[in-house]
Amino acid sequence: MKDLFTGRALVLKVIFASVVIIYFIRLFYLQVISDDFDQQAKNNAIDIRRIEPARGLIYDRKGKLIVYNAPVYDIMVNPKNVKEMDTLKFCEILSITKVDFIKNLSKARSYSKYKSSVFLGQLSIEDFSKFQEYMSQFPGFYGNVRTMRQYPYNCGPNLFGYIGEVDKSQIEKSNGYYEPGDYAGKFALELQYDEELRGQMGLSYMFVDNKGREQGSLDDGKQDQKPIAGKSLTSTIDIDLQLYGEKLMKNKRGSIVAIEPSTGEVLCLVSSPSFDPNLLTGRKRGENYMKLLNDPQKPLINRPLTAMYPPGSTFKPFTALAAMTEGVVDENYSWNCTGGYYIPGKFLKCAHGHPSAGNVMDGLKYSCNPYFWSMFRRDIDDDTFGTVENGYQIWWKHMQDMGFGHKTGIDMPGEKGGGIPSVNYYNKIYGKGQWHSTTIISLAIGQGEILATPLQMANSYAAIANKGYYITPHLIKKIENDSGVIKAKFPIVKTAIRYACYASICEGLRRVVESGTAHACQIPSIELCGKTGTAQNSHGENHSLFAGYAPFKNPKISIAVIIENGGYGAAYAAPIVSLMVEKYLNDTIETSRLKMEKKMFEANLLNTGGYGKKKEPTE
Amino acid sequence: MERKRNPLSEFDWGLVSIYIVLLLFGCFSIYAASYREIMASTFLEVFNLDTSFGKQLMWVGICIVMSIVCLLIDSKIYTTLAYISYGVAVVLLIAVLLFGKDVNGNKSWFGVGSFGIQPAEFAKFATALALAKYMSAMNIDIRNNIRHLITALAIIGLPACLVILQGDLGSTLVFCSFIFVLFREGASPLFLIIPFITMVISIITLKYGVVPMLIIDAISLSILIYIFRRKKINPNLVLIIIIHVVIAGYALGVNTVYTNIFKDYQKARIDYVLGKYKKEKNKPIIQESLPKLDKHGKKEKKFDDWNVRQSMIAIGSGGILGKGFLKGTQTKFSFVPEQTTDFIFCTIGEEEGFWGTTLILGLYLLLLYRLVSTADKQRSTFSRIYGYSVAGILFFHFMINVGMTIGLIPVIGIPLPYISYGGSSLLAFTLLLMIMAKLDADRLHVLR
């Protein structure tokens with residue numbers, strides 16, 4: 001009897017002990033062996049907040065602030081803290097639809113359920129303060145101030161680009177710097193110099209409770225990292241010249257590119273039609289972007305770098321330089337222009353009546369096509385080369401040296417390289433040995449398969465202005481931060497043209513303006529040198545071109561202007577070049593030329609050439 | 001028989017020491033778990049009755065007074081008052097059903113100002129007294145007299161039924177602990193074996209489905225019959241078949257109850273313990289924040305394993321040495337629910353780590369062993385039965401509470417004795433233990 005009872009007491013003790021031992025083993029597993037709970041606890045209680053640094057500013061060459069930051073507010077959401085709430089009121093305050101609400105929230109969820117991300121971006125301070133008043137009613141949502149890019153001169157969208165939400169490829173390329181919802185440079189300078197401009201993200205480690213409310217910082221903020229502001233850039237752009245250029249180009253399609261020949265610094269880069277870059281900031285960005293994208297005038301194309309045109313007569317100096325360097329002609333080469341040129345089976349007309357040119361200066365002055373055709377044929381057909389192929393190959397090399405046929409290497413993404421057809425290209429088209437100087441004779445006057453960007457034209461004229469070299473064109477000259485200034489360096493590219501050949505070409509270009517095809521565009525106090533061009537194209541009215549530099553001695557600016565479907569080079573391109581040059585060098589336009597300025601301001605060429613009905617002429 | 005004596009010297013100080021250590025542990029843990037509340041208060045406010053900690057301190061004071069009272073009054077009073085207190089407890093349980101405060105759908109509280117009183121806590125204690133009184137009567141023999149056994153079961157069952165009507169599943173389960181007492185006093189071992197087998201069948205049914213359970217049942221029946229034939233034993237085949245049919249019926253019943261009667265949150269809790277939630281690293285540990293609408297246009301609540309996951313994260317992240325007093329983020333920042341009451345063990349696990357939890361386990365085991373040994377020493381049946389009742393009640397509380405925080409038992413709201421915040425339960429557990437200590441101290445002097 002007694003034994004039975006003690007036995008039973010023992011059973012109970014064993015039961016107690018078993019449970020305790022099972023729990024002990026379980027606790028040993030949870031607390032000693034398993035190690036993923038620690039991280040889970042941290043994920044719960046520590047919220048890593050990223051603090052966006054101020055993006056670098058951009059100044060123009062004279063120190064004017066041309067890109068800066070203004071504060072805007074993002075509504076952030078941390079999905080794990082979102083609780084039941086008055087969604088209707090929420091949508092009303094932010095003036096969004098319920099569909100937007102669900103869409104944005106599920107987007108944030110798909111990014112991360114525990115981490116904060118942007119719910120609604122770029123609210124103005126007025127809109128945000130309305131939200132802030134009710135913020136406590138919407139758990140999981142909070143405001144985050146960040147900055148919005150401002151472009152105070154309302155010009156140069158093609159120059160600056162814009163800031164936008166990073167896409168997947170940018171996130172991948174940034175080596176973990178960017179996270180979805182971040183903003184990064186998307187185009188042009190903002191993209192090219194994004195790494196310099198963006199600075200270094202700051203991190204702050206906050207304790208949060210189960211409702212996502214901040215509960216002080218981890219280790220009293222000892223582990224926090226302060227954001228480092230982005231570096232400021234000094235651009236080579238003269239913002240006043242850029243503005244003036246955009247004004248001149250209003251209601252026209254085309255480009256102006258101006259370069260300082262001695263440094264390769266780009267002074268302006270006008271793409272027309274243009275728009276206010278501030279359209280691509282703020283909440284309406286997407287809407288505006290679609291409008292611009294669908295605009296038949298294609299304002300989003302960065303024409304100076306990506307539109308490719310036949311250079312037309314502006315190309316003639318290079319034909320002459322190549323021929324003279326190879327010694328097949330000298331500056332006194334003459335051609336009796338009979339108003340045309342015979343090639344087997346064809347008579348090519350000269351564009352206009354003019355006296356015969358007795359030397360290369362007058363050849364340029366009259367822009368005589370037969371003069372350069374004959375010179376080109378003499379050049380590449382010369383006996384010393386053996387075959388046309390060899391002759392053309394050498395000519396092709398000269399053009400490459402002058403900056404044609406390949407990208408110039410400007411510090412802006414998306415540049416196109418234009419095109420000078422290679423020997424292989426012609427061999428493919430016509431068969432090896434089946435093509436002759438007459439086959440490709442259009443190249444001599446910048447027509448045919450040859451294509452150049454406005455930037456290439458301005459750059460090659462800088463090489464003429466420098467008499468033998470150009471410096472890779474660039475848009476940024478200084479990168480500065482707290483610790484100092486880094487001067488941007490860009491390589492010099494030398495041409496193989498004999499130095500002696502430049503004098504006569506320069507003189508010829510001077511005469512073009514003094515008494516030649518562009519004599520109407522003389523600037524009283526400045527010796528402008530340049531060459532008109534009228535590029536034929538299959539899509540309508542000719543393109544009006546002018547490329548040149550000024551002053552004649554010690555050039556300060558080389559410039560190329562293309563007005564799509566603007567007719568003769570002297571009609572629009574030359575006057576615009578002369579005004580740009582005068583504005584840049586003298587800062588004012590002489591009274592006598594104000595009439596011309598007014599005419600240029602007012603000219604509207606948007607509807608010439610049946611634009612919009614036909615294909616993009618340049619691409 | 002009465003002699004002059006010093007009641008203090010005969011008091012079981014070992015029992016009281018364990019009690020005090022647990023109480024201190026509890027106070028510190030409540031302080032840590034309600035640290036945010038405390039941070040928001042001034043120094044003096046910490047000790048007033050607006051904070052959980054302040055209230056608990058007051059209850060500790062009351063408990064000390066009550067302990068001294070227990071110590072001083074004649075222990076005869078407990079035998080005398082056993083049935084009366086049982087009656088009062090039953091009346092209170094009925095009253096609370098009618099007039100109680102509704103807290104989370106359970107009607108188990110009487111509200112008195114900012115305090116709540118839970119009659120169920122006192123019912124356990126009163127039942128222990130009544131059961132001891134009944135079973136210690138001279139002519140009662142639960143081993144051989146089935147009517148006596150049924151009466152004993154009825155004494156336990158009445159308050160248990162009233163408690164389950166309140167929706168308080170945890171307290172109801174605690175009444176099962178009296179089975180230990182019946183077993184100890186000679187009831188059939190089936191009282192332990194049948195619940196155990198039932199549990200195993202339930203687990204198999206819920207974890208692997210009803211069909212595998214039925215197959216196991218059928219196989220076991222075939223094997224048994226085969227063995228009996230082979231060995232040419234002639235047992236009661238009908239009985240064996242009936243048992244297996246009952247098992248099959250039970251399995252089906254469990255399945256039906258689970259799918260049709262249990263609420264979603266109960267299913268979720270059970271599923272979690274049975275390991276039906278897959279361990280995914282990226283599994284969201286949040287409750288669905290935007291509730292979906294069901295076909296009636298009402299908000300459909302989704303339940304998951306949030307509570308247990310947070311509880312286990314808290315305990316698991318404590319590691320060996322813990323994060324240090326007041327440094328637990330899981331508890332301090334309210335990730336763990338009910339952290340001062342039902343989930344107080346998390347605070348210990350997180351801040352004190354493995355050594356802290358091991359200490360608690362050790363203290364409880366020590367307490368239970370001491371109680372059982374003390375009970376066995378008693379000359380009076382009343383004291384012995386009462387002692388086993390106390391041990392059983394404490395064991396069930398400990399097992400369910402700690403088990404749920406470490407994910408071994410479905411979440412059932414029940415306090416951890418002496419540690420959880422809560423005046424009624426602390427007072428009830430204190431009285432439970434102190435009366436045992438008093439009975440023990442008097443064992444040499446009083447014959448019951």
# chains A, B, ... in the order shown; residues from 1 in each chain; ligands from 1

$ closest_atom_pairs --of "chain A" --to "chain B" --cutoff "6 Å" --atoms "only C-alpha atoms" --output "Markdown table"
| residue | atom | partner | partner_atom | distance |
| --- | --- | --- | --- | --- |
| A:Arg8 | CA | B:Arg184 | CA | 5.7 |
| A:Leu30 | CA | B:Gly316 | CA | 4.7 |
| A:Gln31 | CA | B:Gly316 | CA | 4.4 |
| A:Val32 | CA | B:Gly319 | CA | 5.6 |
| A:Phe37 | CA | B:Ser317 | CA | 4.8 |
| A:Asp38 | CA | B:Ser317 | CA | 4.1 |
| A:Val82 | CA | B:Ser289 | CA | 5.9 |
| A:Lys83 | CA | B:Ser289 | CA | 5.0 |
| A:Asp209 | CA | B:Phe333 | CA | 4.2 |
| A:Asn210 | CA | B:Phe335 | CA | 5.0 |

$ select_by_dssp --residues "stretch 401-586 of chain A" --states "strand (DSSP E)" --output "PyMOL selection string"
chain A and resi 469-471+476-481+484-487+492-494+529-535+543-550+557-563

$ write_last_selection --atoms "C-alpha atoms" --output "compact mmCIF listing (two decimals), in the first residue's frame"
# COMPACT_ATOMS: atom_id res chain seq x y z
CA TYR A 469 44.76 70.02 -83.36
CA TYR A 470 41.66 69.96 -81.25
CA ILE A 471 41.08 69.20 -77.61
CA ILE A 476 32.85 70.19 -67.24
CA LYS A 477 36.08 71.90 -66.33
CA LYS A 478 36.21 71.65 -62.58
CA ILE A 479 34.92 69.20 -60.01
CA GLU A 480 35.06 70.60 -56.52
CA ASN A 481 34.24 69.47 -53.04
CA GLY A 484 39.66 70.86 -53.16
CA VAL A 485 39.23 71.22 -56.86
CA ILE A 486 39.89 68.60 -59.47
CA LYS A 487 40.49 70.04 -62.91
CA ILE A 492 44.60 66.70 -77.29
CA VAL A 493 44.09 65.16 -80.72
CA LYS A 494 46.54 66.20 -83.45
CA CYS A 529 35.66 83.02 -90.66
CA GLY A 530 33.47 80.19 -91.78
CA LYS A 531 31.73 78.28 -94.47
CA THR A 532 28.14 78.09 -95.49
CA GLY A 533 26.56 74.79 -96.29
CA THR A 534 23.34 73.73 -97.90
CA ALA A 535 22.82 70.08 -97.28
CA HIS A 543 19.28 72.04 -94.33
CA SER A 544 20.91 75.40 -93.74
CA LEU A 545 24.42 75.04 -92.31
CA PHE A 546 27.24 77.25 -91.26
CA ALA A 547 30.44 76.39 -89.47
CA GLY A 548 33.24 78.71 -88.60
CA TYR A 549 35.28 80.44 -85.97
CA ALA A 550 36.20 83.93 -84.87
CA ILE A 557 35.07 80.54 -80.54
CA SER A 558 34.41 77.91 -83.12
CA ILE A 559 30.81 77.29 -83.94
CA ALA A 560 28.49 75.21 -86.04
CA VAL A 561 24.83 75.90 -86.69
CA ILE A 562 22.37 73.63 -88.42
CA ILE A 563 18.85 74.71 -89.21

$ residues_around --residues "B:Pro195" --least-positions-apart "4" --cutoff "12 Å" --atoms "only C-alpha atoms" --output "list of chain:residue names"
B:Cys176, B:Ser177, B:Ile179, B:Phe180, B:Pro189, B:Leu190, B:Phe191, B:Met199, B:Val200, B:Ile201, B:Ser202

$ closest_residue --among "A:Tyr341, A:Tyr425, A:Tyr461, A:Tyr183" --to "A:Lys556" --atoms "only C-alpha atoms"
A:Tyr461

$ select_by_dssp --residues "stretch 161-392 of chain B" --states "helix (DSSP H, G or I)" --output "ChimeraX atom specification"
/B:161-165,169-175,178-184,190-208,210-231,237-261,264-273,306-318,329-332,344-377,381-392

$ residues_around --residues "B:Asp271" --least-positions-apart "2" --cutoff "10 Å" --atoms "only C-alpha atoms" --output "list in words"
Leu206, Lys207, Tyr265, Gln266, Lys267, Ala268, Arg269, Val273, Leu274, Gly275, Lys276, Tyr277, Asp304, Asp305 and Pro410 of chain B

$ residues_around --residues "B:Thr79" --least-positions-apart "6" --cutoff "8 Å" --atoms "only C-alpha atoms" --output "PyMOL selection string"
chain B and resi 129+133+382

$ write_last_selection --atoms "C-alpha atoms" --output "CSV table (one decimal), in the first residue's frame"
chain,number,residue,atom,x,y,z
B,129,LEU,CA,-9.3,22.7,-0.5
B,133,LYS,CA,-11.5,17.9,2.5
B,382,PHE,CA,-6.0,16.6,3.9

$ closest_residue --among "A:Leu293, A:Met135, A:Ile301, A:Ile163" --to "A:Met85" --atoms "only C-alpha atoms"
A:Met135

$ residues_around --residues "A:Ile75" --least-positions-apart "3" --cutoff "8 Å" --atoms "only C-alpha atoms" --output "list in words"
Val118, Phe119, Leu120, Gly121, Leu123, Phe141, Tyr142, Gly143 and Asn144 of chain A

$ write_last_selection --atoms "C-alpha atoms" --output "PDB file, in the first residue's frame"
ATOM      1  CA  VAL A 118       8.712  55.910 -51.323  1.00  0.00           C
ATOM      2  CA  PHE A 119       4.949  55.801 -51.499  1.00  0.00           C
ATOM      3  CA  LEU A 120       4.346  59.109 -53.219  1.00  0.00           C
ATOM      4  CA  GLY A 121       7.180  61.280 -54.392  1.00  0.00           C
ATOM      5  CA  LEU A 123       5.218  66.836 -52.814  1.00  0.00           C
ATOM      6  CA  PHE A 141       3.427  56.525 -43.433  1.00  0.00           C
ATOM      7  CA  TYR A 142       5.797  59.362 -42.806  1.00  0.00           C
ATOM      8  CA  GLY A 143       7.415  62.246 -44.608  1.00  0.00           C
ATOM      9  CA  ASN A 144      10.924  62.472 -45.865  1.00  0.00           C
TER      10      ASN A 144
END

$ residues_around --residues "B:Leu93" --least-positions-apart "6" --cutoff "12 Å" --atoms "only C-alpha atoms" --output "mmCIF file with N, CA and C atoms, in the first residue's frame"
data_model
loop_
_atom_site.group_PDB
_atom_site.id
_atom_site.type_symbol
_atom_site.label_atom_id
_atom_site.label_comp_id
_atom_site.auth_asym_id
_atom_site.auth_seq_id
_atom_site.Cartn_x
_atom_site.Cartn_y
_atom_site.Cartn_z
ATOM 1 N N TYR B 86 -15.303 26.849 -1.278
ATOM 2 C CA TYR B 86 -15.654 26.237 -2.558
ATOM 3 C C TYR B 86 -17.005 26.771 -3.035
ATOM 4 N N GLY B 87 -17.937 26.842 -2.104
ATOM 5 C CA GLY B 87 -19.263 27.368 -2.436
ATOM 6 C C GLY B 87 -19.184 28.798 -2.915
ATOM 7 N N PHE B 99 -22.316 39.079 -14.520
ATOM 8 C CA PHE B 99 -22.024 40.506 -14.336
ATOM 9 C C PHE B 99 -20.588 40.893 -14.696
ATOM 10 N N GLY B 100 -19.834 39.952 -15.211
ATOM 11 C CA GLY B 100 -18.408 40.207 -15.416
ATOM 12 C C GLY B 100 -18.113 41.201 -16.530
ATOM 13 N N LYS B 107 -15.489 36.506 -20.466
ATOM 14 C CA LYS B 107 -16.140 37.157 -19.320
ATOM 15 C C LYS B 107 -15.592 36.513 -18.073
ATOM 16 N N SER B 108 -14.412 36.933 -17.658
ATOM 17 C CA SER B 108 -13.828 36.259 -16.506
ATOM 18 C C SER B 108 -13.347 37.245 -15.450
ATOM 19 N N TRP B 109 -13.706 38.505 -15.612
ATOM 20 C CA TRP B 109 -13.196 39.511 -14.687
ATOM 21 C C TRP B 109 -14.307 40.262 -13.991
ATOM 22 N N PHE B 110 -14.041 40.576 -12.721
ATOM 23 C CA PHE B 110 -14.835 41.595 -12.037
ATOM 24 C C PHE B 110 -13.995 42.855 -12.033
ATOM 25 N N ILE B 117 -10.498 41.543 -10.869
ATOM 26 C CA ILE B 117 -10.363 40.340 -10.041
ATOM 27 C C ILE B 117 -10.912 39.177 -10.837
ATOM 28 N N GLN B 118 -10.142 38.082 -10.846
ATOM 29 C CA GLN B 118 -10.495 36.937 -11.651
ATOM 30 C C GLN B 118 -10.905 35.788 -10.736
ATOM 31 N N PRO B 119 -12.172 35.515 -10.619
ATOM 32 C CA PRO B 119 -12.622 34.466 -9.682
ATOM 33 C C PRO B 119 -12.020 33.106 -10.010
ATOM 34 N N ALA B 120 -11.680 32.872 -11.292
ATOM 35 C CA ALA B 120 -11.148 31.562 -11.663
ATOM 36 C C ALA B 120 -9.880 31.229 -10.875
ATOM 37 N N GLU B 121 -9.080 32.258 -10.602
ATOM 38 C CA GLU B 121 -7.848 32.023 -9.857
ATOM 39 C C GLU B 121 -8.149 31.463 -8.467
ATOM 40 N N PHE B 122 -9.196 32.037 -7.824
ATOM 41 C CA PHE B 122 -9.542 31.575 -6.483
ATOM 42 C C PHE B 122 -10.268 30.239 -6.515
ATOM 43 N N ALA B 123 -10.920 29.980 -7.667
ATOM 44 C CA ALA B 123 -11.654 28.727 -7.787
ATOM 45 C C ALA B 123 -10.711 27.530 -7.731
ATOM 46 N N LYS B 124 -9.533 27.691 -8.348
ATOM 47 C CA LYS B 124 -8.557 26.593 -8.326
ATOM 48 C C LYS B 124 -8.165 26.266 -6.884
ATOM 49 N N ALA B 126 -9.810 27.108 -4.138
ATOM 50 C CA ALA B 126 -10.940 26.601 -3.355
ATOM 51 C C ALA B 126 -11.214 25.142 -3.682
ATOM 52 N N LEU B 158 -17.294 20.785 -11.676
ATOM 53 C CA LEU B 158 -18.241 21.905 -11.613
ATOM 54 C C LEU B 158 -17.563 23.258 -11.903
ATOM 55 N N PRO B 159 -16.517 23.600 -11.119
ATOM 56 C CA PRO B 159 -15.862 24.880 -11.440
ATOM 57 C C PRO B 159 -15.213 24.869 -12.833
ATOM 58 N N ALA B 160 -14.707 23.703 -13.240
ATOM 59 C CA ALA B 160 -14.067 23.635 -14.548
ATOM 60 C C ALA B 160 -15.065 23.987 -15.641
ATOM 61 N N CYS B 161 -16.282 23.456 -15.526
ATOM 62 C CA CYS B 161 -17.305 23.761 -16.521
ATOM 63 C C CYS B 161 -17.659 25.231 -16.519
ATOM 64 N N LEU B 162 -17.771 25.809 -15.304
ATOM 65 C CA LEU B 162 -18.108 27.236 -15.219
ATOM 66 C C LEU B 162 -17.006 28.094 -15.840
ATOM 67 N N VAL B 163 -15.781 27.659 -15.646
ATOM 68 C CA VAL B 163 -14.665 28.434 -16.196
ATOM 69 C C VAL B 163 -14.654 28.353 -17.720
ATOM 70 N N ILE B 164 -14.970 27.152 -18.238
ATOM 71 C CA ILE B 164 -14.935 27.042 -19.692
ATOM 72 C C ILE B 164 -16.066 27.858 -20.315
ATOM 73 N N LEU B 165 -17.150 28.054 -19.560
ATOM 74 C CA LEU B 165 -18.231 28.898 -20.067
ATOM 75 C C LEU B 165 -17.782 30.348 -20.212
ATOM 76 N N GLN B 166 -16.805 30.727 -19.392
ATOM 77 C CA GLN B 166 -16.265 32.086 -19.509
ATOM 78 C C GLN B 166 -15.383 32.238 -20.735
ATOM 79 N N ASP B 168 -12.435 30.784 -20.798
ATOM 80 C CA ASP B 168 -11.061 30.770 -20.301
ATOM 81 C C ASP B 168 -10.508 29.340 -20.386
#

$ atom_distance --atom1 "atom CA of A:Leu197" --atom2 "atom CA of A:Leu233"
7.8 Å

$ closest_residue --among "B:Ile216, B:Ile233, B:Met404, B:Leu433" --to "B:Ser311" --atoms "only C-alpha atoms"
B:Met404

$ atom_distance --atom1 "atom CA of B:Glu351" --atom2 "atom CA of B:Val174"
28.7 Å

$ atom_distance --atom1 "atom CA of B:Trp59" --atom2 "atom CA of B:Tyr421"
9.5 Å

$ closest_residue --among "A:Arg146, A:Ser217, A:Ile259, A:Asp276" --to "A:Asn288" --atoms "only C-alpha atoms"
A:Asp276

$ closest_residue --among "B:Ala251, B:Leu23, B:Met138, B:Ile409" --to "B:Tyr208" --atoms "only C-alpha atoms"
B:Ala251

$ closest_residue --among "B:Thr151, B:Ser34, B:Ser420, B:Ser17" --to "B:Ser52" --atoms "only C-alpha atoms"
B:Ser34
